[in-house]
Amino acid sequence: MVSRRAVGSILDGYENLVIATVCSHSSLQIFHGARQEGFRTLGIAIGKRPRFYDAFPLAKPDDFLIVDSYADILDQADDLVAKQVVTVPHGSFVEYMGAEVFAKLRIPTFGNREVLKWESDREKQREWLTSAGVVMPTKIVRPEDIDRPVFVKYYGAKGGRGSFIAKSAEEFQESIQPGMKYAIQEYVVGTRYYIHYFYSPLATTGYMLSRGALEMLGIDRRDEANIDEMYKLGAQESVRKMGLLPTFVVTGNMPVVLRESLLPKAFDMGERVIERSMELFGGMIGPFCLETIVTDQLEFKVFEISTRIVAGTNLFIAGSPYSDLMEEGMSTGRRIAREIRIAQKQGRLADILS
């Protein structure tokens, strides 16, 4: 892990910051938001320059860095620091580079990279959330203990790839990939909502915490293939006989607004997670997402946390029903750039970068 002292020494020469991220996931809004806040931008592309940016001139990076692989980004660290680059992590950036490698990237990065140790390990993630008083689906320790429908998910941010439902140890063994680390939770029947938060340690107004403030920038649901259309073929047992297994690969996102009576509970969950993160590893910074299920008793159960910008925020590049009540047209991408700009003006970049 890059030490804060090392990052602080690098930042001493930073005046004309360049916002960089990998050309994937939520990069359009990250580049667009950075441009809105007056930053130059750099797109990191694997293999070749992506053409689709030409179709979106307001979100097109000012410059591109082309590398052969994600691992090659490490070799470019000195050149990127010389260009005064600040990287913004997203799911693809961290997943494909690898959390351990990303943690060693010697480039100032938005957020606290200590969070990676707690997010990438599902046991530590569960320890963090449950110790914060957040309700999670019941954990099933051993496959042979499966006595109800369960949801099985592999470690890492894989966009739902490989996840599956099982109702017995036999069904589990039919679907599990050998050698993969996994977590088993009870399958909770309800509606799934992905809540996009932003925590600012710099804020002095708003929904205040012990330090800084918590914001809600949007909510989405996920379109998943092929589970969302499989019901048309009949019950899961019949589908299995056809040789088909339900999959949960995220292919798109849909906007959601919660019933207003649930908002206090949503903020309480976010607050608990942030306050506990301060105690465990010095605090999470910037965007994060609680991935939740709401039961018919109007209770939240959190089945996962993503500790960076999530792709569901792409719905709200022009603002959401929630962010518009703080500032019209505020995307998560722009909110990240705004936080960097505020920290720069206050001489506090070291407080939000790692």
# chains A, B, ... in the order shown; residues from 1 in each chain; ligands from 1
>>> residues_around(residues="Gly33 in chain A", least_positions_apart="3", cutoff="12 Å", atoms="only C-alpha atoms", output="number ranges by chain")
A: 19-20, 26-30, 36-41, 58-61, 88, 314, 316-319, 329-341
>>> residues_around(residues="Glu304 in chain A", least_positions_apart="5", cutoff="9 Å", atoms="only C-alpha atoms", output="mmCIF file with all heavy atoms, in the first residue's frame")
data_model
loop_
_atom_site.group_PDB
_atom_site.id
_atom_site.type_symbol
_atom_site.label_atom_id
_atom_site.label_comp_id
_atom_site.auth_asym_id
_atom_site.auth_seq_id
_atom_site.Cartn_x
_atom_site.Cartn_y
_atom_site.Cartn_z
ATOM 1 N N GLU A 119 -13.146 -4.367 1.374
ATOM 2 C CA GLU A 119 -14.162 -4.653 0.356
ATOM 3 C C GLU A 119 -13.877 -5.953 -0.386
ATOM 4 O O GLU A 119 -14.787 -6.733 -0.671
ATOM 5 C CB GLU A 119 -14.241 -3.509 -0.649
ATOM 6 C CG GLU A 119 -15.334 -3.740 -1.688
ATOM 7 C CD GLU A 119 -15.144 -2.909 -2.937
ATOM 8 O OE1 GLU A 119 -13.991 -2.685 -3.338
ATOM 9 O OE2 GLU A 119 -16.158 -2.514 -3.524
ATOM 10 N N ARG A 122 -14.718 -10.882 1.342
ATOM 11 C CA ARG A 122 -16.123 -10.874 1.740
ATOM 12 C C ARG A 122 -16.316 -11.114 3.233
ATOM 13 O O ARG A 122 -17.314 -10.659 3.813
ATOM 14 C CB ARG A 122 -16.923 -11.878 0.906
ATOM 15 C CG ARG A 122 -16.983 -11.467 -0.551
ATOM 16 C CD ARG A 122 -18.175 -12.056 -1.270
ATOM 17 N NE ARG A 122 -18.189 -11.613 -2.662
ATOM 18 C CZ ARG A 122 -18.699 -10.473 -3.085
ATOM 19 N NH1 ARG A 122 -19.249 -9.643 -2.216
ATOM 20 N NH2 ARG A 122 -18.661 -10.138 -4.360
ATOM 21 N N GLN A 125 -15.553 -7.728 4.738
ATOM 22 C CA GLN A 125 -16.657 -6.840 4.392
ATOM 23 C C GLN A 125 -17.853 -7.092 5.307
ATOM 24 O O GLN A 125 -18.478 -6.144 5.805
ATOM 25 C CB GLN A 125 -17.057 -7.060 2.927
ATOM 26 C CG GLN A 125 -18.155 -6.131 2.454
ATOM 27 C CD GLN A 125 -18.572 -6.397 1.014
ATOM 28 O OE1 GLN A 125 -19.771 -6.525 0.732
ATOM 29 N NE2 GLN A 125 -17.610 -6.491 0.102
ATOM 30 N N ARG A 126 -18.168 -8.350 5.523
ATOM 31 C CA ARG A 126 -19.287 -8.686 6.406
ATOM 32 C C ARG A 126 -19.013 -8.231 7.832
ATOM 33 O O ARG A 126 -19.907 -7.722 8.525
ATOM 34 C CB ARG A 126 -19.541 -10.195 6.356
ATOM 35 C CG ARG A 126 -20.818 -10.599 7.075
ATOM 36 C CD ARG A 126 -21.102 -12.082 6.927
ATOM 37 N NE ARG A 126 -22.408 -12.387 7.491
ATOM 38 C CZ ARG A 126 -23.553 -12.345 6.822
ATOM 39 N NH1 ARG A 126 -23.548 -12.027 5.538
ATOM 40 N NH2 ARG A 126 -24.692 -12.634 7.403
ATOM 41 N N LEU A 129 -19.666 -4.412 7.952
ATOM 42 C CA LEU A 129 -21.064 -4.000 7.867
ATOM 43 C C LEU A 129 -21.866 -4.433 9.096
ATOM 44 O O LEU A 129 -22.645 -3.650 9.651
ATOM 45 C CB LEU A 129 -21.698 -4.562 6.600
ATOM 46 C CG LEU A 129 -21.108 -4.056 5.274
ATOM 47 C CD1 LEU A 129 -21.805 -4.715 4.092
ATOM 48 C CD2 LEU A 129 -21.217 -2.541 5.168
ATOM 49 N N MET A 136 -27.652 -7.841 7.394
ATOM 50 C CA MET A 136 -27.285 -8.559 6.173
ATOM 51 C C MET A 136 -28.049 -9.879 6.105
ATOM 52 O O MET A 136 -28.515 -10.390 7.122
ATOM 53 C CB MET A 136 -25.780 -8.827 6.142
ATOM 54 C CG MET A 136 -24.900 -7.589 6.140
ATOM 55 S SD MET A 136 -23.140 -8.001 5.871
ATOM 56 C CE MET A 136 -23.156 -8.457 4.116
ATOM 57 N N CYS A 289 -21.662 2.522 -2.655
ATOM 58 C CA CYS A 289 -23.003 2.028 -2.929
ATOM 59 C C CYS A 289 -23.333 0.898 -1.973
ATOM 60 O O CYS A 289 -22.569 -0.067 -1.865
ATOM 61 C CB CYS A 289 -23.101 1.543 -4.378
ATOM 62 S SG CYS A 289 -24.691 0.819 -4.823
ATOM 63 N N LEU A 290 -24.469 1.017 -1.280
ATOM 64 C CA LEU A 290 -25.003 -0.099 -0.514
ATOM 65 C C LEU A 290 -25.998 -0.834 -1.396
ATOM 66 O O LEU A 290 -26.959 -0.244 -1.897
ATOM 67 C CB LEU A 290 -25.672 0.386 0.772
ATOM 68 C CG LEU A 290 -24.739 0.948 1.845
ATOM 69 C CD1 LEU A 290 -25.538 1.363 3.078
ATOM 70 C CD2 LEU A 290 -23.657 -0.052 2.222
ATOM 71 N N GLU A 291 -25.738 -2.117 -1.599
ATOM 72 C CA GLU A 291 -26.578 -2.935 -2.454
ATOM 73 C C GLU A 291 -27.565 -3.667 -1.548
ATOM 74 O O GLU A 291 -27.164 -4.512 -0.743
ATOM 75 C CB GLU A 291 -25.699 -3.887 -3.263
ATOM 76 C CG GLU A 291 -24.634 -3.101 -4.032
ATOM 77 C CD GLU A 291 -23.751 -3.948 -4.919
ATOM 78 O OE1 GLU A 291 -24.005 -5.173 -5.042
ATOM 79 O OE2 GLU A 291 -22.808 -3.382 -5.505
ATOM 80 N N THR A 292 -28.831 -3.310 -1.662
ATOM 81 C CA THR A 292 -29.812 -3.672 -0.649
ATOM 82 C C THR A 292 -31.003 -4.432 -1.224
ATOM 83 O O THR A 292 -31.278 -4.388 -2.425
ATOM 84 C CB THR A 292 -30.352 -2.421 0.066
ATOM 85 O OG1 THR A 292 -31.258 -1.708 -0.803
ATOM 86 C CG2 THR A 292 -29.229 -1.476 0.473
#
>>> atom_distance(atom1="CA of Asp324 in chain A", atom2="CA of Gly206 in chain A")
14.2 Å
>>> select_by_dssp(residues="range 54-95 of chain A", states="strand (DSSP E or B)", output="PDB file with all heavy atoms, in the first residue's frame")
ATOM      1  N   ASP A  63      -6.679  13.698 -23.522  1.00  0.00           N
ATOM      2  CA  ASP A  63      -5.559  12.886 -24.013  1.00  0.00           C
ATOM      3  C   ASP A  63      -5.813  11.425 -23.667  1.00  0.00           C
ATOM      4  O   ASP A  63      -6.630  11.109 -22.785  1.00  0.00           O
ATOM      5  CB  ASP A  63      -4.235  13.333 -23.380  1.00  0.00           C
ATOM      6  CG  ASP A  63      -3.873  14.765 -23.735  1.00  0.00           C
ATOM      7  OD1 ASP A  63      -3.625  15.029 -24.924  1.00  0.00           O
ATOM      8  OD2 ASP A  63      -3.873  15.606 -22.821  1.00  0.00           O
ATOM      9  N   PHE A  64      -5.098  10.530 -24.351  1.00  0.00           N
ATOM     10  CA  PHE A  64      -5.192   9.105 -24.080  1.00  0.00           C
ATOM     11  C   PHE A  64      -3.808   8.548 -23.775  1.00  0.00           C
ATOM     12  O   PHE A  64      -2.806   9.000 -24.327  1.00  0.00           O
ATOM     13  CB  PHE A  64      -5.768   8.353 -25.284  1.00  0.00           C
ATOM     14  CG  PHE A  64      -7.241   8.553 -25.498  1.00  0.00           C
ATOM     15  CD1 PHE A  64      -7.703   9.597 -26.295  1.00  0.00           C
ATOM     16  CD2 PHE A  64      -8.175   7.707 -24.909  1.00  0.00           C
ATOM     17  CE1 PHE A  64      -9.049   9.792 -26.507  1.00  0.00           C
ATOM     18  CE2 PHE A  64      -9.527   7.893 -25.113  1.00  0.00           C
ATOM     19  CZ  PHE A  64      -9.971   8.931 -25.917  1.00  0.00           C
ATOM     20  N   LEU A  65      -3.776   7.559 -22.905  1.00  0.00           N
ATOM     21  CA  LEU A  65      -2.593   6.738 -22.675  1.00  0.00           C
ATOM     22  C   LEU A  65      -2.962   5.317 -23.073  1.00  0.00           C
ATOM     23  O   LEU A  65      -3.893   4.725 -22.503  1.00  0.00           O
ATOM     24  CB  LEU A  65      -2.170   6.773 -21.202  1.00  0.00           C
ATOM     25  CG  LEU A  65      -1.091   5.770 -20.786  1.00  0.00           C
ATOM     26  CD1 LEU A  65       0.232   6.082 -21.475  1.00  0.00           C
ATOM     27  CD2 LEU A  65      -0.930   5.745 -19.265  1.00  0.00           C
ATOM     28  N   ILE A  66      -2.281   4.750 -24.054  1.00  0.00           N
ATOM     29  CA  ILE A  66      -2.570   3.401 -24.530  1.00  0.00           C
ATOM     30  C   ILE A  66      -1.529   2.440 -23.955  1.00  0.00           C
ATOM     31  O   ILE A  66      -0.326   2.651 -24.115  1.00  0.00           O
ATOM     32  CB  ILE A  66      -2.549   3.328 -26.069  1.00  0.00           C
ATOM     33  CG1 ILE A  66      -3.391   4.460 -26.672  1.00  0.00           C
ATOM     34  CG2 ILE A  66      -3.040   1.974 -26.539  1.00  0.00           C
ATOM     35  CD1 ILE A  66      -4.841   4.437 -26.264  1.00  0.00           C
ATOM     36  N   VAL A  67      -1.995   1.406 -23.271  1.00  0.00           N
ATOM     37  CA  VAL A  67      -1.100   0.395 -22.703  1.00  0.00           C
ATOM     38  C   VAL A  67      -1.559  -0.981 -23.174  1.00  0.00           C
ATOM     39  O   VAL A  67      -2.700  -1.165 -23.600  1.00  0.00           O
ATOM     40  CB  VAL A  67      -1.089   0.459 -21.159  1.00  0.00           C
ATOM     41  CG1 VAL A  67      -0.468   1.761 -20.680  1.00  0.00           C
ATOM     42  CG2 VAL A  67      -2.506   0.305 -20.596  1.00  0.00           C
ATOM     43  N   VAL A  85      -1.133  13.702 -12.534  1.00  0.00           N
ATOM     44  CA  VAL A  85      -2.350  12.909 -12.673  1.00  0.00           C
ATOM     45  C   VAL A  85      -2.893  12.488 -11.308  1.00  0.00           C
ATOM     46  O   VAL A  85      -2.141  12.120 -10.404  1.00  0.00           O
ATOM     47  CB  VAL A  85      -2.074  11.665 -13.544  1.00  0.00           C
ATOM     48  CG1 VAL A  85      -3.137  10.586 -13.344  1.00  0.00           C
ATOM     49  CG2 VAL A  85      -1.994  12.062 -15.007  1.00  0.00           C
ATOM     50  N   VAL A  86      -4.210  12.534 -11.184  1.00  0.00           N
ATOM     51  CA  VAL A  86      -4.945  11.930 -10.076  1.00  0.00           C
ATOM     52  C   VAL A  86      -5.873  10.892 -10.683  1.00  0.00           C
ATOM     53  O   VAL A  86      -6.655  11.205 -11.583  1.00  0.00           O
ATOM     54  CB  VAL A  86      -5.771  12.971  -9.296  1.00  0.00           C
ATOM     55  CG1 VAL A  86      -6.732  12.278  -8.319  1.00  0.00           C
ATOM     56  CG2 VAL A  86      -4.869  13.938  -8.557  1.00  0.00           C
ATOM     57  N   THR A  87      -5.775   9.647 -10.243  1.00  0.00           N
ATOM     58  CA  THR A  87      -6.644   8.610 -10.784  1.00  0.00           C
ATOM     59  C   THR A  87      -7.939   8.520  -9.982  1.00  0.00           C
ATOM     60  O   THR A  87      -7.940   8.722  -8.763  1.00  0.00           O
ATOM     61  CB  THR A  87      -5.965   7.228 -10.797  1.00  0.00           C
ATOM     62  OG1 THR A  87      -5.652   6.834  -9.459  1.00  0.00           O
ATOM     63  CG2 THR A  87      -4.701   7.252 -11.633  1.00  0.00           C
ATOM     64  N   HIS A  90     -12.747   2.990 -10.503  1.00  0.00           N
ATOM     65  CA  HIS A  90     -14.104   2.480 -10.678  1.00  0.00           C
ATOM     66  C   HIS A  90     -14.027   0.961 -10.713  1.00  0.00           C
ATOM     67  O   HIS A  90     -12.933   0.375 -10.594  1.00  0.00           O
ATOM     68  CB  HIS A  90     -14.769   3.052 -11.932  1.00  0.00           C
ATOM     69  CG  HIS A  90     -14.007   2.894 -13.208  1.00  0.00           C
ATOM     70  ND1 HIS A  90     -13.618   1.664 -13.709  1.00  0.00           N
ATOM     71  CD2 HIS A  90     -13.558   3.816 -14.109  1.00  0.00           C
ATOM     72  CE1 HIS A  90     -12.987   1.828 -14.860  1.00  0.00           C
ATOM     73  NE2 HIS A  90     -12.912   3.127 -15.118  1.00  0.00           N
TER      74      HIS A  90
END
>>> closest_residue(among="A:Leu262, A:Ala183, A:Phe288, A:Leu105", to="Gln76 in chain A", atoms="only C-alpha atoms")
A:Leu105
>>> residues_around(residues="Leu217 in chain A", least_positions_apart="3", cutoff="6 Å", atoms="only C-alpha atoms", output="VMD selection string")
chain A and resid 196 to 197 322 to 323
>>> write_last_selection(atoms="N, CA and C atoms", output="PDB file, in the first residue's frame")
ATOM      1  N   HIS A 196     -26.754   5.079  -4.123  1.00  0.00           N
ATOM      2  CA  HIS A 196     -25.481   5.752  -4.414  1.00  0.00           C
ATOM      3  C   HIS A 196     -25.255   6.883  -3.409  1.00  0.00           C
ATOM      4  N   TYR A 197     -24.283   6.692  -2.553  1.00  0.00           N
ATOM      5  CA  TYR A 197     -23.932   7.693  -1.551  1.00  0.00           C
ATOM      6  C   TYR A 197     -22.647   8.427  -1.959  1.00  0.00           C
ATOM      7  N   TYR A 322     -32.614  13.080  -6.509  1.00  0.00           N
ATOM      8  CA  TYR A 322     -32.034  13.409  -5.209  1.00  0.00           C
ATOM      9  C   TYR A 322     -30.938  14.461  -5.322  1.00  0.00           C
ATOM     10  N   SER A 323     -29.996  14.267  -6.259  1.00  0.00           N
ATOM     11  CA  SER A 323     -28.901  15.241  -6.381  1.00  0.00           C
ATOM     12  C   SER A 323     -29.426  16.609  -6.824  1.00  0.00           C
TER      13      SER A 323
END
>>> residues_around(residues="Tyr194 in chain A", least_positions_apart="5", cutoff="12 Å", atoms="only C-alpha atoms", output="compact mmCIF listing (two decimals) with N, CA and C atoms, in the first residue's frame")
# COMPACT_ATOMS: atom_id res chain seq x y z
N MET A 216 -26.80 11.62 -0.69
CA MET A 216 -27.37 10.57 -1.52
C MET A 216 -27.54 11.14 -2.92
N LEU A 217 -26.88 10.51 -3.90
CA LEU A 217 -26.87 11.06 -5.26
C LEU A 217 -27.75 10.31 -6.24
N GLY A 218 -28.33 9.17 -5.83
CA GLY A 218 -29.19 8.44 -6.75
C GLY A 218 -29.41 7.01 -6.31
N ILE A 219 -30.33 6.34 -6.99
CA ILE A 219 -30.63 4.93 -6.72
C ILE A 219 -30.93 4.25 -8.05
N ASP A 220 -30.49 3.01 -8.19
CA ASP A 220 -30.81 2.27 -9.41
C ASP A 220 -31.19 0.83 -9.08
N ARG A 221 -31.74 0.16 -10.10
CA ARG A 221 -31.89 -1.28 -10.10
C ARG A 221 -31.10 -1.81 -11.30
N ARG A 222 -30.87 -3.12 -11.34
CA ARG A 222 -30.03 -3.69 -12.38
C ARG A 222 -30.85 -4.60 -13.31
N ASN A 253 -29.01 -0.67 -16.39
CA ASN A 253 -29.49 -0.12 -15.12
C ASN A 253 -30.78 0.66 -15.32
N MET A 254 -31.61 0.70 -14.27
CA MET A 254 -32.87 1.42 -14.31
C MET A 254 -32.95 2.39 -13.13
N PRO A 255 -33.47 3.61 -13.33
CA PRO A 255 -33.57 4.56 -12.22
C PRO A 255 -34.68 4.21 -11.25
N VAL A 256 -34.46 4.54 -9.98
CA VAL A 256 -35.42 4.24 -8.91
C VAL A 256 -35.53 5.44 -7.98
N VAL A 257 -36.74 5.66 -7.46
CA VAL A 257 -36.95 6.60 -6.37
C VAL A 257 -37.60 5.82 -5.23
N LEU A 258 -37.03 5.89 -4.04
CA LEU A 258 -37.60 5.20 -2.88
C LEU A 258 -38.86 5.90 -2.39
N ALA A 266 -32.36 4.75 4.99
CA ALA A 266 -31.25 4.71 4.04
C ALA A 266 -30.08 5.57 4.53
N PHE A 288 -19.83 5.62 -2.68
CA PHE A 288 -19.96 4.19 -2.38
C PHE A 288 -21.42 3.81 -2.58
N CYS A 289 -21.66 2.52 -2.65
CA CYS A 289 -23.00 2.03 -2.93
C CYS A 289 -23.33 0.90 -1.97
N LEU A 290 -24.47 1.02 -1.28
CA LEU A 290 -25.00 -0.10 -0.51
C LEU A 290 -26.00 -0.83 -1.40
N GLU A 291 -25.74 -2.12 -1.60
CA GLU A 291 -26.58 -2.93 -2.45
C GLU A 291 -27.57 -3.67 -1.55
N THR A 292 -28.83 -3.31 -1.66
CA THR A 292 -29.81 -3.67 -0.65
C THR A 292 -31.00 -4.43 -1.22
N ILE A 293 -31.69 -5.10 -0.32
CA ILE A 293 -32.99 -5.70 -0.61
C ILE A 293 -33.97 -5.12 0.42
N VAL A 294 -35.14 -4.66 -0.06
CA VAL A 294 -36.19 -4.17 0.83
C VAL A 294 -37.29 -5.21 0.86
N PHE A 300 -34.58 -2.97 5.30
CA PHE A 300 -33.42 -3.09 4.42
C PHE A 300 -32.54 -4.25 4.87
N LYS A 301 -32.06 -5.03 3.90
CA LYS A 301 -30.97 -5.96 4.14
C LYS A 301 -29.89 -5.66 3.11
N VAL A 302 -28.66 -5.49 3.57
CA VAL A 302 -27.55 -5.12 2.69
C VAL A 302 -26.78 -6.38 2.35
N PHE A 303 -26.71 -6.71 1.05
CA PHE A 303 -25.99 -7.92 0.68
C PHE A 303 -24.58 -7.63 0.20
N GLU A 304 -24.23 -6.35 -0.04
CA GLU A 304 -22.87 -6.02 -0.48
C GLU A 304 -22.67 -4.52 -0.42
N ILE A 305 -21.39 -4.11 -0.37
CA ILE A 305 -21.03 -2.70 -0.49
C ILE A 305 -20.00 -2.58 -1.61
N SER A 306 -20.16 -1.58 -2.45
CA SER A 306 -19.15 -1.20 -3.44
C SER A 306 -18.56 0.12 -2.98
N ILE A 309 -17.32 4.61 -7.19
CA ILE A 309 -18.40 4.91 -8.10
C ILE A 309 -18.90 3.62 -8.76
N VAL A 310 -20.22 3.46 -8.83
CA VAL A 310 -20.80 2.28 -9.47
C VAL A 310 -21.45 2.67 -10.79
N ALA A 311 -21.61 1.67 -11.67
CA ALA A 311 -22.12 1.96 -13.01
C ALA A 311 -23.56 2.45 -13.00
N GLY A 312 -24.30 2.15 -11.93
CA GLY A 312 -25.68 2.64 -11.85
C GLY A 312 -25.77 4.15 -11.82
N THR A 313 -24.69 4.83 -11.45
CA THR A 313 -24.70 6.29 -11.44
C THR A 313 -24.69 6.87 -12.85
>>> residues_around(residues="Tyr14 in chain A", least_positions_apart="6", cutoff="9 Å", atoms="only C-alpha atoms", output="number ranges by chain")
A: 81-85
>>> residues_around(residues="Ile146 in chain A", least_positions_apart="4", cutoff="10 Å", atoms="only C-alpha atoms", output="number ranges by chain")
A: 140-142, 150, 166-172, 184-186
>>> write_last_selection(atoms="N, CA and C atoms", output="PDB file, in the first residue's frame")
ATOM      1  N   ILE A 140     -24.480 -18.577   5.196  1.00  0.00           N
ATOM      2  CA  ILE A 140     -24.416 -20.039   5.238  1.00  0.00           C
ATOM      3  C   ILE A 140     -22.945 -20.422   5.160  1.00  0.00           C
ATOM      4  N   VAL A 141     -22.449 -21.111   6.176  1.00  0.00           N
ATOM      5  CA  VAL A 141     -21.007 -21.379   6.275  1.00  0.00           C
ATOM      6  C   VAL A 141     -20.572 -22.469   5.314  1.00  0.00           C
ATOM      7  N   ARG A 142     -21.306 -23.588   5.277  1.00  0.00           N
ATOM      8  CA  ARG A 142     -20.899 -24.737   4.475  1.00  0.00           C
ATOM      9  C   ARG A 142     -21.978 -25.088   3.463  1.00  0.00           C
ATOM     10  N   VAL A 150     -30.463 -20.045  -1.537  1.00  0.00           N
ATOM     11  CA  VAL A 150     -29.306 -19.209  -1.204  1.00  0.00           C
ATOM     12  C   VAL A 150     -28.792 -18.538  -2.466  1.00  0.00           C
ATOM     13  N   ALA A 166     -29.025 -21.441  -5.454  1.00  0.00           N
ATOM     14  CA  ALA A 166     -29.104 -22.878  -5.213  1.00  0.00           C
ATOM     15  C   ALA A 166     -30.072 -23.122  -4.055  1.00  0.00           C
ATOM     16  N   LYS A 167     -30.753 -24.274  -4.085  1.00  0.00           N
ATOM     17  CA  LYS A 167     -31.682 -24.613  -3.005  1.00  0.00           C
ATOM     18  C   LYS A 167     -31.237 -25.862  -2.240  1.00  0.00           C
ATOM     19  N   SER A 168     -30.093 -26.410  -2.624  1.00  0.00           N
ATOM     20  CA  SER A 168     -29.579 -27.603  -1.954  1.00  0.00           C
ATOM     21  C   SER A 168     -28.082 -27.697  -2.207  1.00  0.00           C
ATOM     22  N   ALA A 169     -27.424 -28.569  -1.456  1.00  0.00           N
ATOM     23  CA  ALA A 169     -25.991 -28.783  -1.654  1.00  0.00           C
ATOM     24  C   ALA A 169     -25.719 -29.344  -3.040  1.00  0.00           C
ATOM     25  N   GLU A 170     -26.662 -30.155  -3.557  1.00  0.00           N
ATOM     26  CA  GLU A 170     -26.483 -30.741  -4.880  1.00  0.00           C
ATOM     27  C   GLU A 170     -26.504 -29.664  -5.956  1.00  0.00           C
ATOM     28  N   GLU A 171     -27.461 -28.740  -5.864  1.00  0.00           N
ATOM     29  CA  GLU A 171     -27.520 -27.652  -6.836  1.00  0.00           C
ATOM     30  C   GLU A 171     -26.301 -26.757  -6.734  1.00  0.00           C
ATOM     31  N   PHE A 172     -25.805 -26.559  -5.513  1.00  0.00           N
ATOM     32  CA  PHE A 172     -24.579 -25.781  -5.330  1.00  0.00           C
ATOM     33  C   PHE A 172     -23.416 -26.429  -6.080  1.00  0.00           C
ATOM     34  N   ILE A 184     -21.783 -17.554   0.593  1.00  0.00           N
ATOM     35  CA  ILE A 184     -23.151 -18.058   0.485  1.00  0.00           C
ATOM     36  C   ILE A 184     -24.027 -17.281   1.469  1.00  0.00           C
ATOM     37  N   GLN A 185     -25.103 -16.698   0.959  1.00  0.00           N
ATOM     38  CA  GLN A 185     -26.070 -15.999   1.803  1.00  0.00           C
ATOM     39  C   GLN A 185     -27.461 -16.516   1.493  1.00  0.00           C
ATOM     40  N   GLU A 186     -28.355 -16.398   2.484  1.00  0.00           N
ATOM     41  CA  GLU A 186     -29.747 -16.733   2.213  1.00  0.00           C
ATOM     42  C   GLU A 186     -30.281 -15.846   1.091  1.00  0.00           C
TER      43      GLU A 186
END
